[in-house]
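This is entry.pdb. It holds PDB, C-alpha atoms.
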```pdb
ATOM      1  CA  MET A   1      14.487   6.780   0.321
ATOM      2  CA  LYS A   2      12.690  10.039  -0.309
ATOM      3  CA  THR A   3      10.166   9.490   2.463
ATOM      4  CA  GLY A   4      11.581   6.306   3.884
ATOM      5  CA  LEU A   5       9.045   4.405   1.812
ATOM      6  CA  LEU A   6       5.816   4.531   3.708
ATOM      7  CA  LEU A   7       5.581   1.896   6.393
ATOM      8  CA  GLY A   8       1.824   1.797   5.919
ATOM      9  CA  LEU A   9       2.104   1.014   2.268
ATOM     10  CA  VAL A  10       0.001  -1.681   1.688
ATOM     11  CA  CYS A  11      -3.319  -3.037   2.486
ATOM     12  CA  VAL A  12      -4.659  -0.921  -0.293
ATOM     13  CA  PHE A  13      -7.972  -2.687  -0.614
ATOM     14  CA  GLY A  14     -11.368  -1.090  -1.012
ATOM     15  CA  ALA A  15     -13.388  -0.896   2.150
ATOM     16  CA  THR A  16     -16.306  -2.724   0.597
ATOM     17  CA  GLN A  17     -14.266  -5.593  -0.787
ATOM     18  CA  ALA A  18     -15.674  -8.970   0.176
ATOM     19  CA  LEU A  19     -13.576 -11.968   1.159
ATOM     20  CA  ALA A  20     -15.077 -13.866  -1.764
ATOM     21  CA  ASP A  21     -13.282 -11.494  -4.148
ATOM     22  CA  VAL A  22      -9.900 -13.060  -3.381
ATOM     23  CA  SER A  23      -8.656 -16.628  -3.178
ATOM     24  CA  ASP A  24      -8.062 -18.267   0.184
ATOM     25  CA  GLU A  25      -4.321 -18.116  -0.474
ATOM     26  CA  VAL A  26      -4.338 -14.393  -1.236
ATOM     27  CA  HIS A  27      -6.463 -13.738   1.836
ATOM     28  CA  GLN A  28      -3.831 -15.554   3.884
ATOM     29  CA  PHE A  29      -1.201 -13.169   2.531
ATOM     30  CA  GLN A  30      -3.423 -10.239   3.519
ATOM     31  CA  THR A  31      -3.797 -11.596   7.045
ATOM     32  CA  ARG A  32      -0.107 -12.402   7.476
ATOM     33  CA  TRP A  33       0.884  -8.992   6.104
ATOM     34  CA  ALA A  34      -1.224  -7.278   8.766
ATOM     35  CA  GLN A  35       0.282  -9.429  11.504
ATOM     36  CA  VAL A  36       3.842  -8.695  10.414
ATOM     37  CA  ASN A  37       3.218  -4.997   9.778
ATOM     38  CA  TYR A  38       1.304  -4.203  12.936
ATOM     39  CA  GLU A  39       2.380  -6.793  15.514
ATOM     40  CA  LEU A  40       6.129  -7.206  14.926
ATOM     41  CA  GLU A  41       9.056  -4.806  15.199
ATOM     42  CA  GLY A  42      12.789  -4.651  14.513
ATOM     43  CA  ASP A  43      14.688  -7.676  13.281
ATOM     44  CA  ALA A  44      11.735  -9.993  13.848
ATOM     45  CA  GLN A  45       9.624  -7.898  11.503
ATOM     46  CA  LEU A  46      12.323  -7.722   8.823
ATOM     47  CA  GLU A  47      12.860 -11.475   8.921
ATOM     48  CA  ALA A  48       9.121 -12.114   8.692
ATOM     49  CA  PHE A  49       8.749  -9.695   5.774
ATOM     50  CA  GLU A  50      11.635 -11.334   3.933
ATOM     51  CA  LYS A  51       9.998 -14.749   4.262
ATOM     52  CA  LEU A  52       6.530 -13.463   3.369
ATOM     53  CA  ALA A  53       7.812 -11.577   0.313
ATOM     54  CA  ALA A  54       9.518 -14.714  -0.990
ATOM     55  CA  GLU A  55       6.382 -16.811  -0.489
ATOM     56  CA  ALA A  56       4.103 -14.226  -2.093
ATOM     57  CA  GLY A  57       6.441 -13.864  -5.054
ATOM     58  CA  SER A  58       6.575 -17.617  -5.581
ATOM     59  CA  TYR A  59       2.801 -17.865  -5.371
ATOM     60  CA  ALA A  60       2.356 -15.102  -7.943
ATOM     61  CA  GLU A  61       4.801 -16.773 -10.327
ATOM     62  CA  ALA A  62       2.860 -20.025  -9.993
ATOM     63  CA  HIS A  63      -0.472 -18.231 -10.576
ATOM     64  CA  ALA A  64       0.684 -15.813 -13.242
ATOM     65  CA  ASP A  65      -2.831 -14.881 -14.399
ATOM     66  CA  ASP A  66      -4.035 -13.878 -10.924
ATOM     67  CA  ALA A  67      -3.939 -10.085 -10.644
ATOM     68  CA  GLY A  68      -4.627 -10.265  -6.911
ATOM     69  CA  ALA A  69      -1.585 -12.466  -6.347
ATOM     70  CA  TRP A  70       0.673  -9.981  -8.135
ATOM     71  CA  ILE A  71      -0.873  -7.065  -6.246
ATOM     72  CA  TRP A  72      -0.154  -8.665  -2.905
ATOM     73  CA  SER A  73       3.340  -9.688  -3.913
ATOM     74  CA  GLY A  74       3.949  -6.035  -4.777
ATOM     75  CA  ILE A  75       2.309  -4.763  -1.612
ATOM     76  CA  ILE A  76       4.367  -7.016   0.649
ATOM     77  CA  LYS A  77       7.630  -6.082  -1.083
ATOM     78  CA  SER A  78       6.871  -2.364  -0.843
ATOM     79  CA  THR A  79       6.056  -2.607   2.852
ATOM     80  CA  TYR A  80       9.210  -4.652   3.417
ATOM     81  CA  ALA A  81      11.134  -1.873   1.655
ATOM     82  CA  GLY A  82       9.548   0.659   4.009
ATOM     83  CA  ALA A  83      10.530  -1.358   7.057
ATOM     84  CA  LYS A  84      14.056  -1.884   5.740
ATOM     85  CA  GLY A  85      14.597   1.731   4.727
ATOM     86  CA  GLY A  86      17.520   3.438   3.047
ATOM     87  CA  LEU A  87      18.845   3.052  -0.466
ATOM     88  CA  GLY A  88      19.195  -0.671   0.162
ATOM     89  CA  ALA A  89      15.407  -0.877  -0.054
ATOM     90  CA  LEU A  90      15.303   0.549  -3.570
ATOM     91  CA  GLY A  91      15.719  -2.901  -5.139
ATOM     92  CA  LEU A  92      12.625  -4.102  -3.285
ATOM     93  CA  ALA A  93      10.716  -1.031  -4.420
ATOM     94  CA  LYS A  94      11.628  -1.782  -8.031
ATOM     95  CA  GLU A  95      10.485  -5.400  -7.621
ATOM     96  CA  SER A  96       7.225  -4.161  -6.145
ATOM     97  CA  LYS A  97       6.723  -1.816  -9.094
ATOM     98  CA  ARG A  98       7.268  -4.698 -11.505
ATOM     99  CA  ASP A  99       4.733  -6.895  -9.704
ATOM    100  CA  LEU A 100       2.111  -4.157  -9.570
ATOM    101  CA  GLU A 101       2.563  -3.395 -13.253
ATOM    102  CA  ARG A 102       2.105  -7.098 -14.042
ATOM    103  CA  ALA A 103      -1.135  -7.048 -12.068
ATOM    104  CA  MET A 104      -2.333  -4.048 -14.049
ATOM    105  CA  GLU A 105      -1.586  -5.812 -17.335
ATOM    106  CA  ILE A 106      -3.951  -8.577 -16.212
ATOM    107  CA  ASP A 107      -6.669  -6.428 -14.615
ATOM    108  CA  ALA A 108      -5.858  -2.818 -13.763
ATOM    109  CA  ASP A 109      -9.100  -2.417 -11.787
ATOM    110  CA  ALA A 110      -8.651  -5.536  -9.642
ATOM    111  CA  LEU A 111      -9.309  -5.320  -5.908
ATOM    112  CA  ASP A 112     -10.870  -1.870  -6.055
ATOM    113  CA  GLY A 113      -7.845  -0.231  -7.663
ATOM    114  CA  SER A 114      -5.263  -1.582  -5.232
ATOM    115  CA  ALA A 115      -2.543  -1.647  -7.890
ATOM    116  CA  TYR A 116      -3.126   2.013  -8.729
ATOM    117  CA  ALA A 117      -2.934   3.062  -5.071
ATOM    118  CA  SER A 118       0.100   0.943  -4.236
ATOM    119  CA  LEU A 119       2.018   1.986  -7.331
ATOM    120  CA  GLY A 120       1.082   5.625  -6.817
ATOM    121  CA  THR A 121       2.462   5.499  -3.291
ATOM    122  CA  LEU A 122       5.698   4.007  -4.576
ATOM    123  CA  TYR A 123       6.068   6.782  -7.136
ATOM    124  CA  TYR A 124       6.090   9.499  -4.499
ATOM    125  CA  SER A 125       7.996   7.518  -1.873
ATOM    126  CA  VAL A 126      11.158   6.671  -3.810
ATOM    127  CA  PRO A 127      13.807   9.061  -5.149
ATOM    128  CA  GLY A 128      13.513  10.379  -8.666
ATOM    129  CA  TRP A 129      15.910   9.946 -11.556
ATOM    130  CA  PRO A 130      18.797   9.085 -11.696
ATOM    131  CA  VAL A 131      18.595   7.138  -8.426
ATOM    132  CA  GLY A 132      15.048   5.801  -8.654
ATOM    133  CA  PHE A 133      11.774   6.093 -10.525
ATOM    134  CA  GLY A 134      10.022   8.603  -8.268
ATOM    135  CA  ASP A 135       7.582  10.983  -9.952
ATOM    136  CA  ASP A 136       5.118  13.072  -7.933
ATOM    137  CA  ASP A 137       2.868  13.885 -10.885
ATOM    138  CA  LYS A 138       2.575  10.217 -11.833
ATOM    139  CA  ALA A 139       1.890   9.397  -8.195
ATOM    140  CA  GLU A 140      -1.075  11.765  -8.003
ATOM    141  CA  GLU A 141      -2.488  10.474 -11.287
ATOM    142  CA  LEU A 142      -2.429   6.872 -10.058
ATOM    143  CA  LEU A 143      -3.769   7.685  -6.590
ATOM    144  CA  GLN A 144      -6.680   9.578  -8.099
ATOM    145  CA  LYS A 145      -7.461   6.634 -10.382
ATOM    146  CA  ALA A 146      -7.696   4.415  -7.308
ATOM    147  CA  LEU A 147     -10.091   6.868  -5.670
ATOM    148  CA  ASN A 148     -12.219   7.083  -8.793
ATOM    149  CA  LEU A 149     -12.631   3.308  -8.696
ATOM    150  CA  SER A 150     -13.347   3.063  -4.973
ATOM    151  CA  PRO A 151     -13.929   6.483  -3.398
ATOM    152  CA  GLU A 152     -14.914   5.138   0.036
ATOM    153  CA  ALA A 153     -11.943   2.780   0.486
ATOM    154  CA  ILE A 154     -10.005   3.445   3.665
ATOM    155  CA  ASP A 155      -6.616   2.857   2.085
ATOM    156  CA  ASN A 156      -7.233   4.745  -1.140
ATOM    157  CA  ASN A 157      -8.156   7.813   0.919
ATOM    158  CA  TYR A 158      -5.320   7.313   3.396
ATOM    159  CA  PHE A 159      -2.636   7.034   0.743
ATOM    160  CA  TYR A 160      -3.882  10.025  -1.200
ATOM    161  CA  ALA A 161      -3.966  12.034   2.019
ATOM    162  CA  SER A 162      -0.393  10.960   2.777
ATOM    163  CA  TYR A 163       0.658  12.080  -0.687
ATOM    164  CA  LEU A 164      -0.987  15.462  -0.089
ATOM    165  CA  VAL A 165       0.971  15.828   3.162
ATOM    166  CA  SER A 166       4.186  15.210   1.239
ATOM    167  CA  ARG A 167       3.200  18.117  -1.020
ATOM    168  CA  LYS A 168       2.300  20.293   2.014
ATOM    169  CA  ARG A 169      -1.328  20.469   0.893
ATOM    170  CA  TYR A 170      -2.520  20.092   4.461
ATOM    171  CA  ASP A 171      -6.139  21.249   4.165
ATOM    172  CA  GLU A 172      -6.792  18.743   1.380
ATOM    173  CA  ALA A 173      -4.944  16.065   3.309
ATOM    174  CA  ARG A 174      -7.148  16.535   6.378
ATOM    175  CA  ASP A 175     -10.240  16.025   4.251
ATOM    176  CA  TYR A 176      -9.009  12.725   2.856
ATOM    177  CA  PHE A 177      -7.743  11.501   6.236
ATOM    178  CA  GLU A 178     -11.240  12.169   7.603
ATOM    179  CA  ARG A 179     -12.769  10.247   4.712
ATOM    180  CA  ALA A 180     -10.446   7.360   5.529
ATOM    181  CA  ARG A 181     -11.315   7.584   9.235
ATOM    182  CA  HIS A 182     -15.018   7.212   8.456
ATOM    183  CA  ALA A 183     -14.639   4.498   5.817
ATOM    184  CA  PRO A 184     -16.773   1.360   6.186
ATOM    185  CA  ALA A 185     -15.130  -1.388   8.229
ATOM    186  CA  ARG A 186     -13.863  -4.557   6.559
ATOM    187  CA  PRO A 187     -15.173  -7.447   8.696
ATOM    188  CA  ASP A 188     -12.655  -9.918   7.250
ATOM    189  CA  ARG A 189      -9.673  -7.619   7.994
ATOM    190  CA  PRO A 190     -10.026  -6.272  11.548
ATOM    191  CA  LEU A 191      -6.292  -6.049  12.310
ATOM    192  CA  ALA A 192      -5.575  -4.154   9.093
ATOM    193  CA  ASP A 193      -8.415  -1.746   9.854
ATOM    194  CA  SER A 194      -7.345  -1.100  13.443
ATOM    195  CA  GLY A 195      -3.740  -0.562  12.390
ATOM    196  CA  ARG A 196      -4.730   1.828   9.630
ATOM    197  CA  GLN A 197      -7.037   3.782  11.957
ATOM    198  CA  GLU A 198      -4.138   4.314  14.357
ATOM    199  CA  GLU A 199      -1.996   5.575  11.472
ATOM    200  CA  ILE A 200      -4.774   7.975  10.489
ATOM    201  CA  ARG A 201      -5.010   9.278  14.063
ATOM    202  CA  LEU A 202      -1.264   9.899  14.229
ATOM    203  CA  ALA A 203      -1.233  11.536  10.798
ATOM    204  CA  LEU A 204      -4.004  13.951  11.778
ATOM    205  CA  GLU A 205      -2.127  14.830  14.976
ATOM    206  CA  ALA A 206       1.053  15.471  12.967
ATOM    207  CA  ILE A 207      -0.597  18.029  10.687
ATOM    208  CA  GLN A 208      -2.687  19.746  13.347
ATOM    209  CA  GLY A 209      -2.280  23.484  13.021
ATOM    210  CA  LYS A 210      -0.512  23.314   9.654
TER     211      LYS A 210
END
```

How does this structure look as C-alpha cells?
Amino acid sequence: MKTGLLLGLVCVFGATQALADVSDEVHQFQTRWAQVNYELEGDAQLEAFEKLAAEAGSYAEAHADDAGAWIWSGIIKSTYAGAKGGLGALGLAKESKRDLERAMEIDADALDGSAYASLGTLYYSVPGWPVGFGDDDKAEELLQKALNLSPEAIDNNYFYASYLVSRKRYDEARDYFERARHAPARPDRPLADSGRQEEIRLALEAIQGK
C-alpha cells in the first residue's frame, strides 16, 4: 500500500463524544478495537482483527440505519488492512470505503465526523488509479471536513497531521500533532487515548528537525 495503510487508522471519534452517543454494541466494538490494535501483535492480532471485522460487518448489516455501526465496521476493516499490509489489504480498504460511504449516506456528521476522517485517511493511504482509489486532494478535503465538525478531537487532529507528514508539510503537521496531544481525554476510552498519545509522541520524534 502507498503508506502501508496507517496502523492507527481508526478510533476517529471526537474527544468530547459521550458514551451515550453510541449504542452499547457499538461501544463494545470500540473497546475491542482498542484492545486488538494496542495490546496484540503478529498473527494473534491479525486473527483477532479478522474475527472483529466479520462481527462488526454482520452487526452493521443487521442495523442498516445505524451510521455508527457502519463507521465502526469501516474503521475496523481499515485498521485490519493496515495490520495486514501489502496489496492483499486493498480489498479490505475497499470494503472499508464502502462501509464509510454508507454511513455518510445515513448521517455524514455522525460521531463528530468520524466517517470523514476515516475515509480521508484511506484516500491518502492507498495507491491511486489504476491500482486503488487513492487521491491526496480528496483526502485533505475530507480530513478538513472532520476538523471543521470537531476541531478539538484527538483523532481528527492526529490523522490530519499524519496526512501533512505524508505531504512533507512538517511545520503544519507539528501544529496538529500538538493539538492532538492536548485534546480533552475521553473517560470512556482510556486505552484508545493512551495508545493514540504514544503514536503522537513517536510521530513528533520522527519529524523532529525536519

Select all residues near (-6.8, 9.9, 4.2) (cut-off 9 Å, inclusive, file coordinates), counting all atoms listed in the file, and output them as a list in words.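 Those residues, ordered by chain and then number, are Ile154, Asp155, Asn156, Asn157, Tyr158, Phe159, Tyr160, Ala161, Ser162, Ala173, Arg174, Asp175, Tyr176, Phe177, Glu178, Arg179, Ala180, Arg181, Ile200 and Ala203 of chain A.
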
Selected by the PyMOL selection byres ((chain A and resi 62-76) around 6) in the shown coordinates: which residues, as a count of residues only? 16

Grab the CA of Val36 in chain A to CA of Gly120 in chain A distance for me, in Å with one decimal place.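 Taking CA of Val36 in chain A as the start and CA of Gly120 in chain A as the end point, the length is 22.6 Å.
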
If you measure from CA of Gly113 in chain A to CA of Gly128 in chain A, what distance in Å do you get, rounded to one decimal? 23.9 Å

Residues matched by the PyMOL selection byres ((chain A and resi 49) around 9), written as a list in words: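 Applying the PyMOL selection byres ((chain A and resi 49) around 9) to the structure shown produces Trp33, Val36, Asn37, Ala44, Gln45, Leu46, Glu47, Ala48, Glu50, Lys51, Leu52, Ala53, Ala54, Ile76, Lys77, Thr79, Tyr80 and Ala83 of chain A.
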
Please compute the CA of Lys138 in chain A-CA of Tyr123 in chain A distance, one decimal, in Å.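 Separation of CA of Lys138 in chain A and CA of Tyr123 in chain A: 6.8 Å.
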